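What's in input12.pdb: PDB, C-alpha atoms, pLDDT in the B column
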```pdb
ATOM      1  CA  MET N  12      -4.679   6.392  21.928  1.00 34.00           C
ATOM      2  CA  VAL N  13      -1.294   4.717  22.190  1.00 34.00           C
ATOM      3  CA  PHE N  14       0.058   3.213  18.986  1.00 32.00           C
ATOM      4  CA  VAL N  15       3.121   0.980  19.244  1.00 31.00           C
ATOM      5  CA  ASN N  16       5.397   0.223  16.344  1.00 32.00           C
ATOM      6  CA  GLN N  17       5.174  -3.493  15.636  1.00 33.00           C
ATOM      7  CA  TYR N  18       5.287  -3.323  11.837  1.00 32.00           C
ATOM      8  CA  MET N  19       8.997  -4.050  11.570  1.00 32.00           C
ATOM      9  CA  THR N  20       8.713  -6.795  14.181  1.00 30.00           C
ATOM     10  CA  TYR N  21       6.926  -8.884  11.595  1.00 31.00           C
ATOM     11  CA  CYS N  22       8.750  -7.511   8.599  1.00 33.00           C
ATOM     12  CA  LYS N  23      12.124  -8.674   9.988  1.00 29.00           C
ATOM     13  CA  TYR N  24      11.203 -12.291   9.308  1.00 26.00           C
ATOM     14  CA  ARG N  25      11.412 -11.616   5.601  1.00 31.00           C
ATOM     15  CA  ALA N  26      14.556 -10.914   3.606  1.00 27.00           C
ATOM     16  CA  VAL N  27      14.909  -7.339   2.396  1.00 26.00           C
ATOM     17  CA  LEU N  28      14.647  -7.100  -1.356  1.00 31.00           C
ATOM     18  CA  GLY N  29      16.753  -4.107  -2.332  1.00 29.00           C
ATOM     19  CA  LEU N  30      15.109  -3.659  -5.699  1.00 36.00           C
ATOM     20  CA  LEU N  31      11.679  -3.083  -4.207  1.00 40.00           C
ATOM     21  CA  LEU N  32      13.092  -0.232  -2.142  1.00 31.00           C
ATOM     22  CA  ALA N  33      13.863   1.482  -5.422  1.00 31.00           C
ATOM     23  CA  LEU N  34      10.274   1.092  -6.633  1.00 38.00           C
ATOM     24  CA  ALA N  35       8.193   4.036  -5.476  1.00 32.00           C
ATOM     25  CA  PHE N  36       6.145   3.275  -2.381  1.00 35.00           C
ATOM     26  CA  VAL N  37       6.462  -0.498  -2.697  1.00 37.00           C
ATOM     27  CA  SER N  38       6.965  -2.774   0.284  1.00 34.00           C
ATOM     28  CA  GLY N  39      10.604  -3.283   1.226  1.00 34.00           C
ATOM     29  CA  CYS N  40      10.035  -6.917   2.204  1.00 39.00           C
ATOM     30  CA  ALA N  41      10.868  -9.734  -0.169  1.00 44.00           C
ATOM     31  CA  VAL N  42       8.126 -12.034  -1.352  1.00 56.00           C
ATOM     32  CA  SER N  43       8.630 -15.344   0.395  1.00 56.00           C
ATOM     33  CA  PRO N  44       7.276 -18.693  -0.882  1.00 56.00           C
ATOM     34  CA  LYS N  45       4.450 -19.146   1.629  1.00 52.00           C
ATOM     35  CA  SER N  46       0.938 -20.478   1.086  1.00 43.00           C
ATOM     36  CA  ASP N  47      -2.100 -20.840   3.353  1.00 40.00           C
ATOM     37  CA  SER N  48      -2.158 -18.934   6.652  1.00 38.00           C
ATOM     38  CA  GLU N  49      -3.420 -19.943  10.058  1.00 39.00           C
ATOM     39  CA  LYS N  50      -5.986 -17.900  11.957  1.00 42.00           C
ATOM     40  CA  MET N  51      -4.523 -14.552  12.973  1.00 41.00           C
ATOM     41  CA  PRO N  52      -3.923 -14.124  16.697  1.00 43.00           C
ATOM     42  CA  GLU N  53      -4.380 -10.612  17.998  1.00 45.00           C
ATOM     43  CA  ILE N  54      -1.508  -8.990  19.851  1.00 44.00           C
ATOM     44  CA  VAL N  55      -2.710  -6.831  22.710  1.00 43.00           C
ATOM     45  CA  LEU N  56      -0.124  -4.259  23.685  1.00 42.00           C
ATOM     46  CA  GLU N  57      -0.458  -3.385  27.354  1.00 43.00           C
ATOM     47  CA  ASP N  58      -0.145   0.200  28.464  1.00 48.00           C
ATOM     48  CA  THR N  59       0.563   1.513  31.958  1.00 51.00           C
ATOM     49  CA  THR N  60      -1.006   4.944  31.417  1.00 59.00           C
ATOM     50  CA  GLY N  61      -4.575   3.687  31.335  1.00 56.00           C
ATOM     51  CA  GLU N  62      -5.088   4.919  27.769  1.00 59.00           C
ATOM     52  CA  PRO N  63      -6.686   2.737  25.085  1.00 56.00           C
ATOM     53  CA  VAL N  64      -4.185   0.462  23.369  1.00 58.00           C
ATOM     54  CA  LEU N  65      -3.968  -0.508  19.712  1.00 63.00           C
ATOM     55  CA  VAL N  66      -4.747  -4.184  19.180  1.00 74.00           C
ATOM     56  CA  LEU N  67      -2.350  -4.989  16.384  1.00 78.00           C
ATOM     57  CA  ILE N  68      -3.145  -7.828  14.017  1.00 85.00           C
ATOM     58  CA  PRO N  69       0.045  -9.355  12.594  1.00 87.00           C
ATOM     59  CA  ASP N  70       0.463  -9.874   8.882  1.00 90.00           C
ATOM     60  CA  PRO N  71      -1.497 -13.071   8.119  1.00 91.00           C
ATOM     61  CA  TYR N  72       0.882 -13.929   5.301  1.00 91.00           C
ATOM     62  CA  LEU N  73       3.795 -14.020   7.714  1.00 85.00           C
ATOM     63  CA  LEU N  74       1.914 -16.483   9.892  1.00 83.00           C
ATOM     64  CA  SER N  75       1.888 -19.086   7.144  1.00 71.00           C
ATOM     65  CA  ASN N  76       2.962 -22.382   8.590  1.00 60.00           C
ATOM     66  CA  THR N  77       3.824 -24.309   5.448  1.00 69.00           C
ATOM     67  CA  GLU N  78       6.948 -26.427   5.176  1.00 75.00           C
ATOM     68  CA  VAL N  79       9.232 -25.392   2.321  1.00 81.00           C
ATOM     69  CA  SER N  80      11.722 -27.908   1.016  1.00 87.00           C
ATOM     70  CA  ALA N  81      15.403 -27.016   1.045  1.00 91.00           C
ATOM     71  CA  ALA N  82      15.517 -27.256  -2.746  1.00 91.00           C
ATOM     72  CA  VAL N  83      12.626 -24.824  -3.236  1.00 92.00           C
ATOM     73  CA  SER N  84      14.066 -22.426  -0.664  1.00 92.00           C
ATOM     74  CA  THR N  85      17.458 -22.454  -2.394  1.00 94.00           C
ATOM     75  CA  GLN N  86      15.959 -21.881  -5.820  1.00 95.00           C
ATOM     76  CA  PHE N  87      13.801 -19.093  -4.480  1.00 94.00           C
ATOM     77  CA  GLN N  88      16.846 -17.280  -3.084  1.00 94.00           C
ATOM     78  CA  GLN N  89      18.643 -17.759  -6.406  1.00 96.00           C
ATOM     79  CA  GLY N  90      15.702 -16.067  -8.115  1.00 96.00           C
ATOM     80  CA  ILE N  91      15.804 -13.200  -5.632  1.00 96.00           C
ATOM     81  CA  ALA N  92      19.482 -12.699  -6.496  1.00 96.00           C
ATOM     82  CA  LEU N  93      18.528 -12.368 -10.182  1.00 96.00           C
ATOM     83  CA  ILE N  94      15.899  -9.775  -9.298  1.00 96.00           C
ATOM     84  CA  GLU N  95      18.326  -7.815  -7.148  1.00 95.00           C
ATOM     85  CA  ALA N  96      20.734  -7.803 -10.100  1.00 96.00           C
ATOM     86  CA  GLN N  97      17.831  -6.649 -12.322  1.00 95.00           C
ATOM     87  CA  LYS N  98      18.376  -9.581 -14.685  1.00 97.00           C
ATOM     88  CA  TRP N  99      14.749  -9.586 -15.679  1.00 97.00           C
ATOM     89  CA  PRO N 100      14.639 -12.165 -18.520  1.00 98.00           C
ATOM     90  CA  GLN N 101      16.654 -14.658 -16.453  1.00 98.00           C
ATOM     91  CA  ALA N 102      14.477 -14.016 -13.414  1.00 97.00           C
ATOM     92  CA  GLN N 103      11.376 -14.539 -15.528  1.00 98.00           C
ATOM     93  CA  VAL N 104      12.562 -17.954 -16.733  1.00 98.00           C
ATOM     94  CA  HIS N 105      13.686 -18.910 -13.229  1.00 97.00           C
ATOM     95  CA  PHE N 106      10.365 -18.090 -11.571  1.00 97.00           C
ATOM     96  CA  GLU N 107       8.350 -19.623 -14.411  1.00 98.00           C
ATOM     97  CA  GLN N 108      10.098 -22.887 -13.596  1.00 97.00           C
ATOM     98  CA  LEU N 109       9.602 -22.405  -9.857  1.00 96.00           C
ATOM     99  CA  THR N 110       5.855 -21.883 -10.259  1.00 96.00           C
ATOM    100  CA  GLN N 111       5.744 -25.349 -11.812  1.00 95.00           C
ATOM    101  CA  GLN N 112       7.902 -26.917  -9.108  1.00 93.00           C
ATOM    102  CA  ALA N 113       6.030 -25.295  -6.222  1.00 92.00           C
ATOM    103  CA  PRO N 114       2.495 -24.791  -7.602  1.00 90.00           C
ATOM    104  CA  THR N 115       0.857 -24.072  -4.227  1.00 90.00           C
ATOM    105  CA  PHE N 116       3.078 -21.104  -3.353  1.00 92.00           C
ATOM    106  CA  SER N 117       2.195 -17.508  -4.230  1.00 94.00           C
ATOM    107  CA  GLY N 118       5.669 -15.973  -3.824  1.00 94.00           C
ATOM    108  CA  PRO N 119       7.114 -17.278  -7.106  1.00 96.00           C
ATOM    109  CA  TRP N 120       4.095 -15.893  -8.964  1.00 97.00           C
ATOM    110  CA  VAL N 121       4.623 -12.445  -7.423  1.00 97.00           C
ATOM    111  CA  ASN N 122       8.267 -12.391  -8.455  1.00 97.00           C
ATOM    112  CA  LEU N 123       7.361 -13.668 -11.909  1.00 97.00           C
ATOM    113  CA  GLY N 124       4.929 -10.772 -12.204  1.00 98.00           C
ATOM    114  CA  LEU N 125       7.611  -8.337 -11.107  1.00 97.00           C
ATOM    115  CA  SER N 126      10.075  -9.754 -13.641  1.00 97.00           C
ATOM    116  CA  LEU N 127       7.533  -9.415 -16.462  1.00 98.00           C
ATOM    117  CA  TRP N 128       6.476  -5.940 -15.371  1.00 98.00           C
ATOM    118  CA  ARG N 129      10.037  -4.621 -15.456  1.00 97.00           C
ATOM    119  CA  GLN N 130      10.226  -5.826 -19.070  1.00 97.00           C
ATOM    120  CA  ASP N 131       7.053  -3.831 -19.872  1.00 97.00           C
ATOM    121  CA  LEU N 132       5.090  -7.062 -20.346  1.00 98.00           C
ATOM    122  CA  TYR N 133       2.092  -5.682 -18.523  1.00 98.00           C
ATOM    123  CA  GLU N 134      -0.642  -8.136 -19.470  1.00 97.00           C
ATOM    124  CA  PRO N 135       1.246 -11.313 -18.504  1.00 98.00           C
ATOM    125  CA  ALA N 136       2.567  -9.518 -15.417  1.00 98.00           C
ATOM    126  CA  GLY N 137      -1.004  -8.771 -14.342  1.00 98.00           C
ATOM    127  CA  GLN N 138      -1.935 -12.404 -14.928  1.00 98.00           C
ATOM    128  CA  ALA N 139       0.979 -13.518 -12.739  1.00 98.00           C
ATOM    129  CA  PHE N 140      -0.004 -11.152  -9.926  1.00 98.00           C
ATOM    130  CA  ALA N 141      -3.591 -12.393 -10.183  1.00 98.00           C
ATOM    131  CA  GLN N 142      -2.345 -15.974  -9.910  1.00 97.00           C
ATOM    132  CA  ALA N 143      -0.369 -15.053  -6.807  1.00 97.00           C
ATOM    133  CA  ILE N 144      -3.524 -13.686  -5.182  1.00 97.00           C
ATOM    134  CA  LEU N 145      -5.448 -16.787  -6.256  1.00 96.00           C
ATOM    135  CA  LYS N 146      -2.812 -19.034  -4.644  1.00 94.00           C
ATOM    136  CA  ASN N 147      -2.813 -17.023  -1.413  1.00 94.00           C
ATOM    137  CA  ASN N 148      -5.175 -14.089  -1.011  1.00 94.00           C
ATOM    138  CA  LYS N 149      -3.285 -12.968   2.098  1.00 94.00           C
ATOM    139  CA  ASN N 150      -0.125 -12.069   0.184  1.00 95.00           C
ATOM    140  CA  GLY N 151       0.032  -8.292   0.592  1.00 95.00           C
ATOM    141  CA  ASP N 152       3.022  -7.942  -1.737  1.00 95.00           C
ATOM    142  CA  ALA N 153       0.921  -9.336  -4.591  1.00 97.00           C
ATOM    143  CA  TYR N 154      -1.731  -6.638  -4.102  1.00 97.00           C
ATOM    144  CA  ASN N 155       0.777  -3.831  -3.644  1.00 97.00           C
ATOM    145  CA  LEU N 156       2.983  -4.613  -6.628  1.00 97.00           C
ATOM    146  CA  TYR N 157      -0.005  -5.230  -8.886  1.00 98.00           C
ATOM    147  CA  ALA N 158      -1.536  -1.921  -7.749  1.00 98.00           C
ATOM    148  CA  VAL N 159       1.645   0.069  -8.368  1.00 97.00           C
ATOM    149  CA  MET N 160       1.852  -1.368 -11.867  1.00 97.00           C
ATOM    150  CA  MET N 161      -1.784  -0.452 -12.560  1.00 98.00           C
ATOM    151  CA  ARG N 162      -1.222   3.046 -11.194  1.00 97.00           C
ATOM    152  CA  GLU N 163       1.707   3.475 -13.577  1.00 96.00           C
ATOM    153  CA  GLN N 164      -0.584   2.354 -16.407  1.00 97.00           C
ATOM    154  CA  GLY N 165      -3.120   5.009 -15.425  1.00 97.00           C
ATOM    155  CA  ASP N 166      -5.765   2.582 -14.171  1.00 98.00           C
ATOM    156  CA  PHE N 167      -6.317   4.353 -10.869  1.00 98.00           C
ATOM    157  CA  GLU N 168      -9.596   2.612 -10.070  1.00 98.00           C
ATOM    158  CA  LYS N 169      -7.987  -0.826 -10.380  1.00 98.00           C
ATOM    159  CA  ALA N 170      -5.058   0.300  -8.229  1.00 98.00           C
ATOM    160  CA  GLU N 171      -7.455   1.671  -5.617  1.00 98.00           C
ATOM    161  CA  ALA N 172      -9.395  -1.590  -5.531  1.00 98.00           C
ATOM    162  CA  LEU N 173      -6.218  -3.633  -5.056  1.00 98.00           C
ATOM    163  CA  TYR N 174      -4.973  -1.461  -2.197  1.00 98.00           C
ATOM    164  CA  LYS N 175      -8.368  -1.697  -0.517  1.00 97.00           C
ATOM    165  CA  GLN N 176      -8.308  -5.485  -0.876  1.00 97.00           C
ATOM    166  CA  ALA N 177      -4.897  -5.587   0.769  1.00 97.00           C
ATOM    167  CA  ILE N 178      -6.150  -3.473   3.674  1.00 96.00           C
ATOM    168  CA  THR N 179      -9.230  -5.674   4.026  1.00 96.00           C
ATOM    169  CA  VAL N 180      -6.985  -8.721   4.325  1.00 95.00           C
ATOM    170  CA  TRP N 181      -4.683  -6.985   6.798  1.00 95.00           C
ATOM    171  CA  PRO N 182      -5.971  -3.693   8.274  1.00 94.00           C
ATOM    172  CA  HIS N 183      -2.501  -2.820   9.575  1.00 93.00           C
ATOM    173  CA  ASN N 184      -0.741  -3.025   6.214  1.00 95.00           C
ATOM    174  CA  ALA N 185       1.265   0.190   6.458  1.00 94.00           C
ATOM    175  CA  THR N 186       2.546  -0.080   2.881  1.00 95.00           C
ATOM    176  CA  SER N 187      -0.958  -0.325   1.426  1.00 97.00           C
ATOM    177  CA  HIS N 188      -2.194   2.630   3.486  1.00 96.00           C
ATOM    178  CA  ARG N 189       0.788   4.681   2.336  1.00 96.00           C
ATOM    179  CA  ASN N 190       0.398   3.691  -1.313  1.00 97.00           C
ATOM    180  CA  LEU N 191      -3.335   4.380  -1.270  1.00 97.00           C
ATOM    181  CA  GLY N 192      -2.662   7.789   0.266  1.00 97.00           C
ATOM    182  CA  VAL N 193      -0.244   8.575  -2.562  1.00 97.00           C
ATOM    183  CA  LEU N 194      -2.820   7.468  -5.138  1.00 97.00           C
ATOM    184  CA  TYR N 195      -5.520   9.675  -3.634  1.00 97.00           C
ATOM    185  CA  ASP N 196      -3.213  12.655  -3.126  1.00 96.00           C
ATOM    186  CA  MET N 197      -1.152  12.772  -6.301  1.00 95.00           C
ATOM    187  CA  TYR N 198      -3.390  11.084  -8.858  1.00 97.00           C
ATOM    188  CA  MET N 199      -7.036  11.378  -7.821  1.00 96.00           C
ATOM    189  CA  GLY N 200      -7.191  14.652  -5.890  1.00 93.00           C
ATOM    190  CA  ARG N 201      -9.028  13.067  -2.939  1.00 95.00           C
ATOM    191  CA  PHE N 202      -7.114  14.855  -0.219  1.00 94.00           C
ATOM    192  CA  ASP N 203      -9.266  13.980   2.809  1.00 94.00           C
ATOM    193  CA  GLU N 204      -8.972  10.281   2.035  1.00 96.00           C
ATOM    194  CA  ALA N 205      -5.258  10.640   1.325  1.00 97.00           C
ATOM    195  CA  TYR N 206      -4.693  12.223   4.710  1.00 96.00           C
ATOM    196  CA  TYR N 207      -6.673   9.469   6.433  1.00 95.00           C
ATOM    197  CA  HIS N 208      -4.519   6.715   4.945  1.00 96.00           C
ATOM    198  CA  PHE N 209      -1.275   8.603   5.587  1.00 96.00           C
ATOM    199  CA  ASP N 210      -2.411   8.996   9.182  1.00 92.00           C
ATOM    200  CA  GLN N 211      -3.199   5.284   9.448  1.00 92.00           C
ATOM    201  CA  CYS N 212       0.254   4.468   8.100  1.00 92.00           C
ATOM    202  CA  ALA N 213       1.873   6.827  10.597  1.00 91.00           C
ATOM    203  CA  LYS N 214       0.010   5.262  13.515  1.00 88.00           C
ATOM    204  CA  ILE N 215       0.939   1.734  12.480  1.00 89.00           C
ATOM    205  CA  MET N 216       4.583   2.676  12.031  1.00 87.00           C
ATOM    206  CA  GLY N 217       4.689   4.397  15.408  1.00 84.00           C
ATOM    207  CA  THR N 218       7.408   6.778  14.237  1.00 83.00           C
ATOM    208  CA  PRO N 219       6.540   7.999  10.728  1.00 81.00           C
ATOM    209  CA  ASP N 220       9.416   8.939   8.453  1.00 90.00           C
ATOM    210  CA  LYS N 221      10.165  12.495   7.421  1.00 92.00           C
ATOM    211  CA  LYS N 222       8.662  12.116   3.954  1.00 94.00           C
ATOM    212  CA  LEU N 223       5.342  10.848   5.284  1.00 95.00           C
ATOM    213  CA  ARG N 224       5.126  13.656   7.844  1.00 94.00           C
ATOM    214  CA  GLY N 225       5.880  16.134   5.073  1.00 95.00           C
ATOM    215  CA  TRP N 226       3.055  14.795   2.904  1.00 95.00           C
ATOM    216  CA  MET N 227       0.589  15.096   5.773  1.00 96.00           C
ATOM    217  CA  ILE N 228       1.635  18.681   6.528  1.00 95.00           C
ATOM    218  CA  ASP N 229       1.419  19.565   2.839  1.00 95.00           C
ATOM    219  CA  ILE N 230      -2.141  18.184   2.553  1.00 95.00           C
ATOM    220  CA  LYS N 231      -3.266  20.208   5.575  1.00 94.00           C
ATOM    221  CA  ARG N 232      -1.657  23.329   4.097  1.00 93.00           C
ATOM    222  CA  ARG N 233      -3.369  22.841   0.738  1.00 91.00           C
ATOM    223  CA  GLN N 234      -6.719  22.129   2.386  1.00 88.00           C
ATOM    224  CA  ALA N 235      -6.457  25.336   4.418  1.00 90.00           C
ATOM    225  CA  LYS N 236      -5.521  27.315   1.320  1.00 89.00           C
ATOM    226  CA  MET N 237      -8.434  25.849  -0.632  1.00 87.00           C
ATOM    227  CA  ALA N 238     -10.882  26.597   2.186  1.00 87.00           C
ATOM    228  CA  LYS N 239      -9.651  30.183   2.361  1.00 87.00           C
ATOM    229  CA  LYS N 240     -10.035  30.615  -1.386  1.00 87.00           C
ATOM    230  CA  GLN N 241     -13.550  29.171  -1.349  1.00 86.00           C
ATOM    231  CA  ALA N 242     -14.511  31.493   1.508  1.00 86.00           C
ATOM    232  CA  SER N 243     -13.243  34.534  -0.400  1.00 86.00           C
ATOM    233  CA  GLN N 244     -15.265  33.546  -3.470  1.00 85.00           C
ATOM    234  CA  LYS N 245     -18.470  33.043  -1.533  1.00 76.00           C
ATOM    235  CA  PRO N 246     -21.013  35.731  -2.556  1.00 74.00           C
ATOM    236  CA  GLN N 247     -21.692  38.263   0.162  1.00 67.00           C
ATOM    237  CA  PRO N 248     -25.308  38.946   1.157  1.00 67.00           C
ATOM    238  CA  ALA N 249     -26.760  42.003  -0.555  1.00 62.00           C
ATOM    239  CA  THR N 250     -26.941  45.181   1.557  1.00 61.00           C
ATOM    240  CA  PRO N 251     -30.462  46.700   1.537  1.00 58.00           C
ATOM    241  CA  SER N 252     -30.458  49.985  -0.348  1.00 57.00           C
ATOM    242  CA  GLU N 253     -31.610  53.221   1.319  1.00 52.00           C
ATOM    243  CA  PRO N 254     -35.195  54.122   0.379  1.00 51.00           C
ATOM    244  CA  THR N 255     -35.591  57.096  -1.925  1.00 49.00           C
ATOM    245  CA  GLN N 256     -37.347  60.220  -0.645  1.00 48.00           C
ATOM    246  CA  GLN N 257     -40.285  59.512  -2.894  1.00 47.00           C
ATOM    247  CA  GLY N 258     -40.510  55.960  -1.686  1.00 45.00           C
ATOM    248  CA  ALA N 259     -40.301  57.090   1.911  1.00 40.00           C
ATOM    249  CA  ALA N 260     -43.092  59.575   1.389  1.00 40.00           C
ATOM    250  CA  ASN N 261     -45.357  56.872  -0.042  1.00 44.00           C
ATOM    251  CA  GLU N 262     -44.827  54.581   2.932  1.00 43.00           C
TER     252      GLU N 262
END
```
Do you think you could lay out the structure here as structure tokens?
Amino acid sequence: MVFVNQYMTYCKYRAVLGLLLALAFVSGCAVSPKSDSEKMPEIVLEDTTGEPVLVLIPDPYLLSNTEVSAAVSTQFQQGIALIEAQKWPQAQVHFEQLTQQAPTFSGPWVNLGLSLWRQDLYEPAGQAFAQAILKNNKNGDAYNLYAVMMREQGDFEKAEALYKQAITVWPHNATSHRNLGVLYDMYMGRFDEAYYHFDQCAKIMGTPDKKLRGWMIDIKRRQAKMAKKQASQKPQPATPSEPTQQGAANE
């Protein structure tokens, strides 16, 4: 099957938030102040080889068609600058105000959650992320950031559920597949499922990065080693003993 890299085609419409690149396995796209999405059109990628082609569904959040006022847009970018500078208390106050000014948008709630999280205010951060999802359940950044925070808190089941929700909303969410693979591999020991999600991420990306390829190779190596060990520990069938002379005579 031919898989074509369209992930960054959609990602380019969003400003890169440098801080999120520093957070392990979190989306590198900034959270924009969008709300309701239109119906997702499918993009059929034609192929000249006659092989099946991946029908890529674009990120529904990026298809939001809501007008944003110039004032809200400016304030949102000012808040992003505070986050990039890691001025967490100031960013918290800024986005608290923006959630009141633009109550229908999910982006300010996501960035409020991030600002609270980085101050170790986990409960209110979780409430902010939940509000972001309530405002727009197609916002993949809300699921991903919330899940990473829960993973750091040791709530792996909650993190798993959030990643799965994100993938349900957008099956081609490469970040969620990657993050879920990390959760299964490093924290839950579910290597088959980890490999599946790493593989899905690689196919969506088209050209997987070196780190992702390394993880996939490492899982295969560990699986082979485990299978070999299990085979060596498997009890061998008993060899029938030779009959004694007395037994033979009685037969």
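Of note, CA of Leu73 (chain N) and CA of Arg129 (chain N) are spaced 25.8 Å apart.
Using all atoms listed in the file, the nearest neighbour of Pro69 (chain N) within the list N:Ala139, N:Leu93, N:Met160, N:Ala185 is N:Ala185.
When you apply the PyMOL selection byres ((chain N and resi 101) around 12) to this structure, what comes back is Gln89, Gly90, Ile91, Ala92, Leu93, Ile94, Glu95, Ala96, Gln97, Lys98, Trp99, Pro100, Ala102, Gln103, Val104, His105, Phe106, Glu107, Gln108, Asn122, Leu123, Ser126, Leu127 and Gln130 of chain N.
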So which residues get picked by the PyMOL selection byres ((chain N and resi 141) around 9) here, written as a PyMOL selection string?
chain N and resi 120-121+124+136-140+142-146+153-154+157
For C-alpha atoms, I'd like the residues from the last selection saved as a CSV table (one decimal), keeping the file's coordinate frame.
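The resulting file, again.csv, is shown below:
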```csv
chain,number,residue,atom,x,y,z
N,120,TRP,CA,4.1,-15.9,-9.0
N,121,VAL,CA,4.6,-12.4,-7.4
N,124,GLY,CA,4.9,-10.8,-12.2
N,136,ALA,CA,2.6,-9.5,-15.4
N,137,GLY,CA,-1.0,-8.8,-14.3
N,138,GLN,CA,-1.9,-12.4,-14.9
N,139,ALA,CA,1.0,-13.5,-12.7
N,140,PHE,CA,0.0,-11.2,-9.9
N,142,GLN,CA,-2.3,-16.0,-9.9
N,143,ALA,CA,-0.4,-15.1,-6.8
N,144,ILE,CA,-3.5,-13.7,-5.2
N,145,LEU,CA,-5.4,-16.8,-6.3
N,146,LYS,CA,-2.8,-19.0,-4.6
N,153,ALA,CA,0.9,-9.3,-4.6
N,154,TYR,CA,-1.7,-6.6,-4.1
N,157,TYR,CA,0.0,-5.2,-8.9
```
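Residue nearest Lys222 (chain N), chosen from N:Ala81, N:Val193, N:Leu67, N:Leu156 and counting all atoms listed in the file: N:Val193.
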